[in-house]
>>> print(open('my_file-v4.csv').read())   # CSV, C-alpha atoms
chain,number,residue,atom,x,y,z
A,298,MET,CA,167.9,-6.4,-93.4
A,299,LYS,CA,165.7,-8.8,-91.3
A,300,SER,CA,168.9,-10.2,-89.6
A,301,PHE,CA,169.5,-6.6,-88.3
A,302,ILE,CA,166.0,-6.2,-86.7
A,303,LEU,CA,166.0,-8.9,-84.0
A,304,PRO,CA,169.5,-8.1,-82.6
A,305,LEU,CA,168.6,-4.4,-82.6
A,306,ILE,CA,165.4,-5.1,-80.5
A,307,LEU,CA,167.3,-7.3,-78.1
A,308,LEU,CA,170.0,-4.7,-77.7
A,309,ALA,CA,167.5,-2.0,-76.9
A,310,ALA,CA,165.9,-4.2,-74.3
A,311,VAL,CA,169.2,-5.0,-72.6
A,312,VAL,CA,170.1,-1.3,-72.4
A,313,VAL,CA,166.7,0.2,-71.6
A,314,ILE,CA,165.4,-2.2,-69.0
A,315,PRO,CA,168.3,-1.9,-66.4
A,316,LEU,CA,168.6,1.9,-66.8
A,317,THR,CA,164.8,2.5,-66.6
A,318,TRP,CA,164.7,0.2,-63.5
A,319,ALA,CA,167.3,2.5,-61.8
A,320,GLN,CA,164.6,5.2,-61.4
A,321,LYS,CA,162.7,3.0,-58.9
A,322,GLY,CA,162.7,4.5,-55.5
A,323,THR,CA,164.0,7.9,-56.6
A,324,THR,CA,162.8,10.5,-54.0
A,325,PHE,CA,162.3,14.3,-54.2
A,326,LYS,CA,160.4,17.1,-52.6
A,327,LEU,CA,157.7,19.4,-54.2
A,328,GLU,CA,157.7,22.8,-52.6
A,329,VAL,CA,154.8,25.3,-53.1
A,330,LYS,CA,154.7,28.9,-51.8
A,331,SER,CA,151.7,31.3,-52.1
A,332,TYR,CA,149.3,33.4,-50.0
A,333,SER,CA,147.6,31.2,-47.4
A,334,HIS,CA,144.1,31.7,-48.8
A,335,SER,CA,145.1,30.2,-52.2
A,336,ILE,CA,147.6,27.6,-51.2
A,337,SER,CA,145.3,24.6,-51.7
A,338,TYR,CA,144.7,25.6,-55.3
A,339,TYR,CA,148.4,25.9,-56.1
A,340,GLN,CA,149.2,22.7,-54.3
A,341,THR,CA,146.8,20.8,-56.5
A,342,LYS,CA,148.0,22.7,-59.6
A,343,ALA,CA,151.7,21.9,-58.8
A,344,GLU,CA,150.8,18.2,-58.5
A,345,TRP,CA,148.9,18.3,-61.8
A,346,GLN,CA,151.9,19.9,-63.6
A,347,LEU,CA,154.3,17.5,-61.9
A,348,MET,CA,152.3,14.5,-63.1
A,349,LYS,CA,152.1,15.9,-66.7
A,350,GLY,CA,155.9,16.4,-66.9
A,351,ASP,CA,158.6,13.8,-67.2
A,352,LYS,CA,161.8,15.4,-65.8
A,353,THR,CA,161.6,13.8,-62.4
A,354,CYS,CA,160.2,10.3,-63.2
A,355,ARG,CA,160.5,9.2,-66.9
A,356,GLY,CA,159.4,6.4,-69.0
A,357,PHE,CA,157.2,3.9,-67.2
A,358,TYR,CA,157.7,5.6,-63.8
A,359,LEU,CA,155.6,8.4,-62.3
A,360,PRO,CA,155.6,10.4,-59.0
A,361,ARG,CA,153.6,9.2,-56.0
A,362,ALA,CA,153.3,11.1,-52.7
A,363,LYS,CA,155.0,9.6,-49.7
A,364,SER,CA,153.7,12.1,-47.2
A,365,LYS,CA,151.0,14.7,-46.5
A,366,TRP,CA,151.6,18.4,-47.1
A,367,ASN,CA,153.7,20.0,-44.4
A,368,CYS,CA,153.1,23.7,-44.3
A,369,ALA,CA,154.7,26.7,-42.4
A,370,ASN,CA,152.7,29.9,-42.2
A,371,ASP,CA,154.0,33.5,-41.6
A,372,GLY,CA,150.7,35.2,-41.4
A,373,GLU,CA,149.9,36.0,-45.0
A,374,GLN,CA,151.9,33.4,-46.9
A,375,SER,CA,152.4,29.6,-46.6
A,376,LEU,CA,155.4,27.5,-47.6
A,377,CYS,CA,154.4,23.9,-48.1
A,378,HIS,CA,156.4,20.8,-49.1
A,379,ARG,CA,155.6,17.2,-49.8
A,380,GLU,CA,157.8,14.2,-50.4
A,381,TYR,CA,157.4,12.0,-53.6
A,382,GLU,CA,159.0,8.9,-55.0
A,383,CYS,CA,159.2,7.4,-58.5
A,384,VAL,CA,157.1,4.2,-58.8
A,385,LEU,CA,156.2,2.0,-61.6
A,386,SER,CA,152.8,2.7,-63.2
A,387,ASN,CA,150.0,0.2,-63.3
A,388,LYS,CA,146.4,-0.2,-64.4
A,389,ASN,CA,145.0,1.8,-61.4
A,390,PHE,CA,147.9,4.3,-61.0
A,391,ASN,CA,149.1,5.9,-64.2
A,392,ARG,CA,149.5,9.3,-65.7
A,393,LYS,CA,146.2,9.5,-67.5
A,394,VAL,CA,144.2,8.5,-64.4
A,395,GLU,CA,146.1,10.9,-62.1
A,396,ILE,CA,146.0,13.8,-64.5
A,397,ASN,CA,142.3,13.5,-65.0
A,398,ARG,CA,141.7,13.3,-61.2
A,399,LEU,CA,143.8,16.4,-60.4
A,400,ALA,CA,142.2,18.3,-63.3
A,401,LYS,CA,138.7,17.6,-61.9
A,402,GLN,CA,139.8,19.0,-58.6
A,403,LEU,CA,141.2,22.1,-60.2
A,404,LYS,CA,138.0,22.8,-62.0
A,405,LYS,CA,136.2,23.0,-58.6
A,406,MET,CA,138.7,25.5,-57.2
A,407,SER,CA,139.6,29.2,-57.8
A,408,PRO,CA,142.7,31.1,-56.7
A,409,LYS,CA,142.4,34.5,-55.0
A,410,THR,CA,145.9,35.6,-56.1
A,411,LYS,CA,148.3,34.8,-58.9
A,412,VAL,CA,151.4,35.1,-56.8
A,413,ALA,CA,152.8,31.6,-56.3
A,414,SER,CA,155.9,29.4,-57.0
A,415,ALA,CA,156.5,25.7,-57.1
A,416,VAL,CA,159.9,24.0,-57.0
A,417,VAL,CA,160.9,20.3,-57.2
A,418,LYS,CA,163.9,19.8,-54.9
A,419,THR,CA,166.4,17.1,-55.8
A,420,GLU,CA,170.1,17.2,-56.3
A,421,ARG,CA,169.3,19.6,-59.1
A,422,GLN,CA,166.3,21.9,-58.4
A,423,LEU,CA,163.7,22.0,-61.1
A,424,LYS,CA,161.1,24.7,-61.5
A,425,ILE,CA,157.6,23.7,-62.7
A,426,ASP,CA,155.2,26.4,-61.7
A,427,ARG,CA,154.8,27.7,-65.3
A,428,ALA,CA,156.7,26.0,-68.1
A,429,SER,CA,159.9,24.1,-68.4
A,430,SER,CA,162.1,27.2,-68.5
A,431,LYS,CA,165.5,28.8,-68.2
A,432,PRO,CA,165.6,31.6,-65.5
A,433,LYS,CA,166.6,35.0,-66.8
A,434,LEU,CA,166.9,37.5,-63.9
A,435,GLN,CA,166.8,41.3,-64.1
A,436,THR,CA,167.0,43.6,-61.1
A,437,VAL,CA,164.2,46.2,-60.8
A,438,GLU,CA,165.9,49.3,-59.5
A,439,ASN,CA,162.8,51.2,-58.4
A,440,SER,CA,160.9,50.0,-55.3
A,441,ILE,CA,157.3,48.9,-56.0
A,442,LYS,CA,154.9,51.1,-54.2
A,443,LYS,CA,152.1,49.5,-52.1
A,444,LYS,CA,149.0,48.8,-54.1
A,445,ALA,CA,150.6,49.8,-57.4
A,446,PRO,CA,149.0,48.1,-60.4
A,447,ILE,CA,151.0,45.3,-62.0
A,448,LYS,CA,150.4,44.0,-65.4
A,449,VAL,CA,150.4,40.2,-65.7
A,450,VAL,CA,151.6,38.9,-69.0
A,451,GLU,CA,149.4,36.1,-70.2
A,452,ARG,CA,151.2,33.0,-71.3
A,453,LYS,CA,150.9,31.5,-74.8
A,454,ILE,CA,149.6,28.0,-75.1
A,455,THR,CA,151.9,25.9,-77.2
A,456,PRO,CA,150.1,24.2,-80.1
A,457,SER,CA,151.8,20.9,-79.4
A,458,LYS,CA,149.5,20.0,-76.5
A,459,SER,CA,146.4,18.0,-77.0
A,460,GLN,CA,143.1,19.7,-77.3
A,461,LYS,CA,141.9,18.4,-74.0
A,462,TYR,CA,144.9,19.9,-72.2
A,463,LEU,CA,144.6,23.1,-74.1
A,464,GLU,CA,141.1,23.5,-72.8
A,465,GLU,CA,142.2,22.8,-69.2
A,466,PHE,CA,145.1,25.3,-69.5
A,467,GLN,CA,142.7,27.9,-70.8
A,468,GLU,CA,140.2,27.3,-68.0
A,469,PHE,CA,142.8,27.5,-65.3
A,470,SER,CA,144.4,30.6,-66.8
A,471,GLU,CA,141.1,32.4,-66.8
A,472,LYS,CA,140.8,31.8,-63.1
A,473,GLU,CA,144.2,33.3,-62.5
A,474,ASP,CA,144.0,36.2,-64.9
A,475,LEU,CA,144.0,39.1,-62.5
A,476,LYS,CA,144.8,42.5,-64.2
A,477,GLN,CA,145.9,44.1,-60.9
A,478,MET,CA,147.3,42.8,-57.6
A,479,ASP,CA,147.0,44.9,-54.4
A,480,ASP,CA,148.6,42.5,-51.9
A,481,ILE,CA,152.3,42.9,-52.8
A,482,LYS,CA,154.4,44.7,-50.2
A,483,ALA,CA,157.2,47.0,-51.3
A,484,GLU,CA,159.5,46.9,-48.3
A,485,SER,CA,162.7,46.4,-50.5
A,486,ARG,CA,163.8,46.1,-54.1
A,487,TYR,CA,162.2,43.4,-56.1
A,488,VAL,CA,163.5,41.1,-58.8
A,489,LEU,CA,161.7,40.7,-62.1
A,490,GLU,CA,162.0,37.1,-63.3
A,491,GLN,CA,161.5,36.4,-67.0
A,492,ASN,CA,161.1,32.7,-67.8
A,493,LYS,CA,161.4,31.5,-71.4
A,494,SER,CA,160.7,27.9,-72.5
A,495,LEU,CA,163.3,25.9,-74.3
A,496,ASP,CA,161.2,26.0,-77.5
A,497,GLY,CA,161.0,29.8,-77.2
A,498,ARG,CA,157.2,30.0,-77.6
A,499,THR,CA,156.2,30.7,-74.0
A,500,THR,CA,157.3,33.7,-71.8
A,501,VAL,CA,156.1,34.4,-68.3
A,502,PHE,CA,157.1,37.3,-66.0
A,503,LYS,CA,157.1,37.1,-62.2
A,504,ILE,CA,158.0,39.6,-59.5
A,505,ARG,CA,159.6,38.3,-56.2
A,506,PRO,CA,161.3,40.0,-53.2
A,507,LYS,CA,165.0,39.9,-53.9
A,508,GLU,CA,165.9,38.3,-50.5
A,509,GLU,CA,163.5,35.5,-51.0
A,510,LEU,CA,164.6,34.5,-54.5
A,511,GLU,CA,166.2,31.0,-54.7
A,512,VAL,CA,168.8,30.4,-57.4
A,513,LEU,CA,167.5,27.4,-59.4
A,514,ASP,CA,169.9,25.0,-61.0
A,515,GLU,CA,167.5,23.9,-63.8
A,516,TYR,CA,167.9,20.8,-65.7
A,517,ARG,CA,169.1,21.6,-69.2
A,518,GLN,CA,167.8,19.6,-72.1
A,519,SER,CA,170.9,20.7,-74.1
A,520,PHE,CA,173.3,18.5,-71.9
A,521,LEU,CA,172.6,14.8,-72.0
A,522,PRO,CA,175.3,12.9,-70.0
A,523,LEU,CA,173.3,9.7,-69.8
A,524,SER,CA,173.2,9.1,-73.5
A,525,PHE,CA,173.9,5.7,-75.1
A,526,THR,CA,173.8,4.0,-78.5
A,527,GLY,CA,173.4,0.5,-79.7
A,528,ALA,CA,174.1,-0.5,-83.3
A,529,ILE,CA,174.6,-3.3,-85.7
A,530,ALA,CA,178.0,-2.9,-87.4
A,531,LYS,CA,179.3,-4.4,-90.7
A,532,VAL,CA,183.1,-4.6,-90.7
A,533,THR,CA,185.0,-4.9,-94.0
A,534,ASP,CA,188.7,-5.2,-94.8
A,535,LYS,CA,190.8,-4.5,-98.0
A,536,GLU,CA,190.3,-8.2,-99.1
A,537,ALA,CA,186.5,-7.6,-99.1
A,538,ASN,CA,186.1,-10.0,-96.1
A,539,THR,CA,183.0,-8.9,-94.0
A,540,LEU,CA,181.5,-9.8,-90.6
A,541,SER,CA,178.6,-8.4,-88.6
A,542,THR,CA,178.9,-7.5,-84.9
A,543,THR,CA,177.1,-5.5,-82.2
A,544,ASP,CA,178.5,-2.1,-81.0
A,545,ILE,CA,177.5,-0.5,-77.7
A,546,ALA,CA,178.7,2.9,-76.6
A,547,TRP,CA,178.3,5.7,-74.1
A,548,THR,CA,177.8,9.0,-76.0
A,549,PRO,CA,177.4,12.1,-73.8
A,550,ARG,CA,176.1,15.0,-75.8
A,551,TYR,CA,175.9,18.7,-75.7
A,552,ARG,CA,173.9,21.0,-78.0
A,553,PHE,CA,174.8,24.7,-78.2
A,554,LYS,CA,172.1,27.4,-78.7
A,555,ASN,CA,172.7,27.5,-82.4
A,556,SER,CA,172.7,24.6,-84.8
A,557,TRP,CA,175.9,23.0,-83.6
A,558,GLY,CA,176.5,20.3,-81.0
A,559,MET,CA,179.3,18.0,-79.8
A,560,ARG,CA,179.3,14.3,-78.8
A,561,GLY,CA,181.8,12.0,-77.1
A,562,HIS,CA,182.0,8.3,-77.9
A,563,ALA,CA,183.4,5.5,-75.7
A,564,GLY,CA,182.3,2.0,-76.7
A,565,GLY,CA,183.4,-1.3,-78.1
A,566,HIS,CA,182.6,-4.4,-80.2
A,567,PHE,CA,184.0,-7.8,-80.9
A,568,VAL,CA,185.9,-8.6,-84.1
A,569,LYS,CA,187.0,-12.0,-85.5
A,570,ALA,CA,190.2,-11.7,-87.6
A,571,ASN,CA,193.3,-13.6,-88.7
A,572,ILE,CA,196.3,-12.6,-86.6
A,573,ASP,CA,199.5,-14.1,-87.9
A,574,THR,CA,197.5,-16.8,-89.8
A,575,THR,CA,195.6,-17.6,-86.6
A,576,ALA,CA,191.9,-16.8,-86.3
A,577,GLU,CA,191.1,-14.7,-83.2
A,578,THR,CA,188.0,-13.1,-81.7
A,579,PHE,CA,188.8,-10.1,-79.6
A,580,LEU,CA,187.4,-6.8,-78.2
A,581,VAL,CA,187.9,-3.6,-80.0
A,582,LEU,CA,187.6,-0.4,-77.9
A,583,ASP,CA,186.6,2.7,-79.7
A,584,PHE,CA,187.1,6.3,-78.4
A,585,ALA,CA,186.2,9.4,-80.5
A,586,ALA,CA,184.9,13.0,-80.5
A,587,TYR,CA,182.3,14.2,-83.0
A,588,ALA,CA,180.9,17.6,-84.1
A,589,GLU,CA,177.2,17.7,-84.9
A,590,TYR,CA,175.4,20.1,-87.2
A,591,PHE,CA,171.5,20.2,-87.1
A,592,VAL,CA,169.5,20.9,-90.2
A,593,GLY,CA,166.3,22.2,-88.6
A,594,GLU,CA,165.3,20.7,-85.3
A,595,SER,CA,165.7,17.0,-86.0
A,596,PHE,CA,168.0,16.0,-88.9
A,597,TYR,CA,171.7,16.2,-88.3
A,598,VAL,CA,175.1,15.3,-89.8
A,599,ASP,CA,178.3,14.6,-87.9
A,600,GLY,CA,182.0,14.0,-88.3
A,601,GLY,CA,184.9,13.3,-86.0
A,602,LEU,CA,188.2,11.7,-85.2
A,603,GLY,CA,189.2,9.0,-82.7
A,604,ILE,CA,191.3,6.0,-81.9
A,605,GLN,CA,190.7,2.2,-81.7
A,606,LYS,CA,192.5,-0.1,-79.4
A,607,TRP,CA,192.6,-3.8,-80.6
A,608,ASN,CA,192.9,-6.3,-77.7
A,609,SER,CA,194.3,-9.1,-79.9
A,610,SER,CA,197.5,-11.1,-79.3
A,611,THR,CA,199.5,-8.6,-81.2
A,612,GLY,CA,197.6,-5.6,-79.9
A,613,GLY,CA,197.8,-2.2,-81.5
A,614,ALA,CA,196.1,1.3,-81.6
A,615,PHE,CA,194.9,2.8,-84.8
A,616,SER,CA,193.5,6.2,-85.7
A,617,THR,CA,189.9,6.5,-87.0
A,618,MET,CA,187.8,9.0,-89.0
A,619,GLY,CA,184.1,8.8,-89.1
A,620,PHE,CA,181.0,10.7,-90.4
A,621,GLY,CA,177.3,10.0,-90.4
A,622,LEU,CA,173.7,11.3,-90.3
A,623,GLY,CA,170.7,10.8,-88.1
A,624,TYR,CA,167.3,11.9,-87.0
A,625,GLN,CA,166.7,13.1,-83.4
A,626,PHE,CA,163.2,12.8,-81.9
A,627,ASP,CA,161.6,15.2,-79.5
A,628,TYR,CA,162.4,13.5,-76.2
A,629,ARG,CA,159.3,14.8,-74.5
A,630,LYS,CA,157.2,12.7,-77.0
A,631,VAL,CA,159.3,9.6,-77.5
A,632,LYS,CA,160.9,9.6,-74.0
A,633,ILE,CA,163.9,7.2,-73.8
A,634,VAL,CA,164.6,6.3,-77.5
A,635,ASP,CA,165.7,9.7,-78.9
A,636,ARG,CA,167.3,9.2,-82.3
A,637,LEU,CA,168.1,6.9,-85.2
A,638,PHE,CA,171.4,7.1,-87.1
A,639,VAL,CA,173.8,5.5,-89.6
A,640,SER,CA,177.6,6.1,-89.6
A,641,TYR,CA,180.7,5.2,-91.6
A,642,THR,CA,184.2,4.8,-89.9
A,643,SER,CA,187.6,4.3,-91.6
A,644,VAL,CA,190.3,2.6,-89.5
A,645,GLY,CA,194.0,3.4,-90.2
A,646,ASN,CA,195.4,-0.1,-89.9
A,647,GLU,CA,197.2,-2.3,-92.4
A,648,ASP,CA,193.9,-4.1,-93.4
A,649,LYS,CA,192.2,-0.7,-94.0
A,650,ASN,CA,189.1,-1.8,-92.1
A,651,THR,CA,185.8,0.1,-92.6
A,652,GLU,CA,182.7,0.0,-90.4
A,653,LEU,CA,179.2,0.7,-91.4
A,654,LYS,CA,176.8,1.1,-88.5
A,655,ALA,CA,173.0,1.5,-88.1
A,656,GLY,CA,171.5,2.0,-84.7
A,657,ILE,CA,169.4,3.8,-82.1
A,658,GLY,CA,170.2,6.3,-79.4
A,659,LEU,CA,168.9,6.2,-75.8
A,660,SER,CA,168.9,9.1,-73.3
A,661,PHE,CA,167.9,9.2,-69.7
>>> encode(input="my_file-v4.csv", output="structure tokens")
Amino acid sequence: MKSFILPLILLAAVVVIPLTWAQKGTTFKLEVKSYSHSISYYQTKAEWQLMKGDKTCRGFYLPRAKSKWNCANDGEQSLCHREYECVLSNKNFNRKVEINRLAKQLKKMSPKTKVASAVVKTERQLKIDRASSKPKLQTVENSIKKKAPIKVVERKITPSKSQKYLEEFQEFSEKEDLKQMDDIKAESRYVLEQNKSLDGRTTVFKIRPKEELEVLDEYRQSFLPLSFTGAIAKVTDKEANTLSTTDIAWTPRYRFKNSWGMRGHAGGHFVKANIDTTAETFLVLDFAAYAEYFVGESFYVDGGLGIQKWNSSTGGAFSTMGFGLGYQFDYRKVKIVDRLFVSYTSVGNEDKNTELKAGIGLSF
């Protein structure tokens, strides 16, 4: 077992470091819209929530402002944006320091209205003004009359947050908790936006003018195209000969709303075998598709079919059948390393090879 640990650590370092480094210099814009008299509060709150999240800059990187706030006013409302980039954290600039700094600023401020929105603009736009959420839109057929009372649904605080952040959320929510809003104009039909978090525990309602609503292409946790695995594999043939090797693969994954998911597999490993009485070391390419079934939120079993291409002197392609089980972490807590797994694969060649793998999964 000890012989597996060191190669596994080295493998994780080789895969994680280059892909994490690729985040360096990533730029995006934070856009905030609110009534002019409350824009400073919502600018600070949007920065605070951006710093607490990890969808724009993950792992050891965090967002840092490249410019000052640039605002355009139309009388009552202000639309402001600010450029950010992902930089490597250090002793003086890290999430804990920045979150505490912004939280202290928020405690000294009070909003005069609860109507605001915040959007991160990248190739995919990401909404952050309430909770990580999937937009669900419903058209309100009746126009809202001027000064009509509007009930604001109070959001639930998820128990997974630390006590310190729970207290901060409660304090900021009390400042914003207005039971009636008199400043909304009803010049046209409005859209009621219902946002529900991925874990299903937080629901927020918001009303916006239909013509001002932007369609957001939100990042979906369910689809992970940048997913990879590294594993130590034990290969055995029908003569009970065994060898150990390292397997690396690209494994894009998609999880449906129910307990099912699917995963692709494109990888390879080196094998040493006797080909026509001559010992050869060659690359084996492995392609497969798997179905995943989750038992609860974390444990899963999988099974699938594929094909192996042997790049030996004689060549050959052979069908494969595999199954396995694993444990998937909450990526919001563990960040890059998202799962552990073991799998068994049977190869349909003359030597009846079998492969037993144990490894880790990485998602970016």
>>> atom_distance(input="my_file-v4.csv", atom1="atom CA of Phe567 of chain A", atom2="atom CA of Ala530 of chain A")
10.1 Å
>>> closest_residue(input="my_file-v4.csv", among="A:Ile545, A:Leu622, A:Leu403, A:Leu659", to="Ser524 of chain A", atoms="all atoms listed in the file")
A:Leu659
>>> closest_residue(input="my_file-v4.csv", among="A:Ile657, A:Ala362, A:Leu521, A:Leu602", to="Lys326 of chain A", atoms="all atoms listed in the file")
A:Ala362
>>> closest_residue(input="my_file-v4.csv", among="A:Thr651, A:Ile633, A:Ser386, A:Pro549", to="Lys352 of chain A", atoms="all atoms listed in the file")
A:Ile633
>>> closest_residue(input="my_file-v4.csv", among="A:Arg392, A:Asp635, A:Asn370, A:Tyr624", to="Gln346 of chain A", atoms="only C-alpha atoms")
A:Arg392
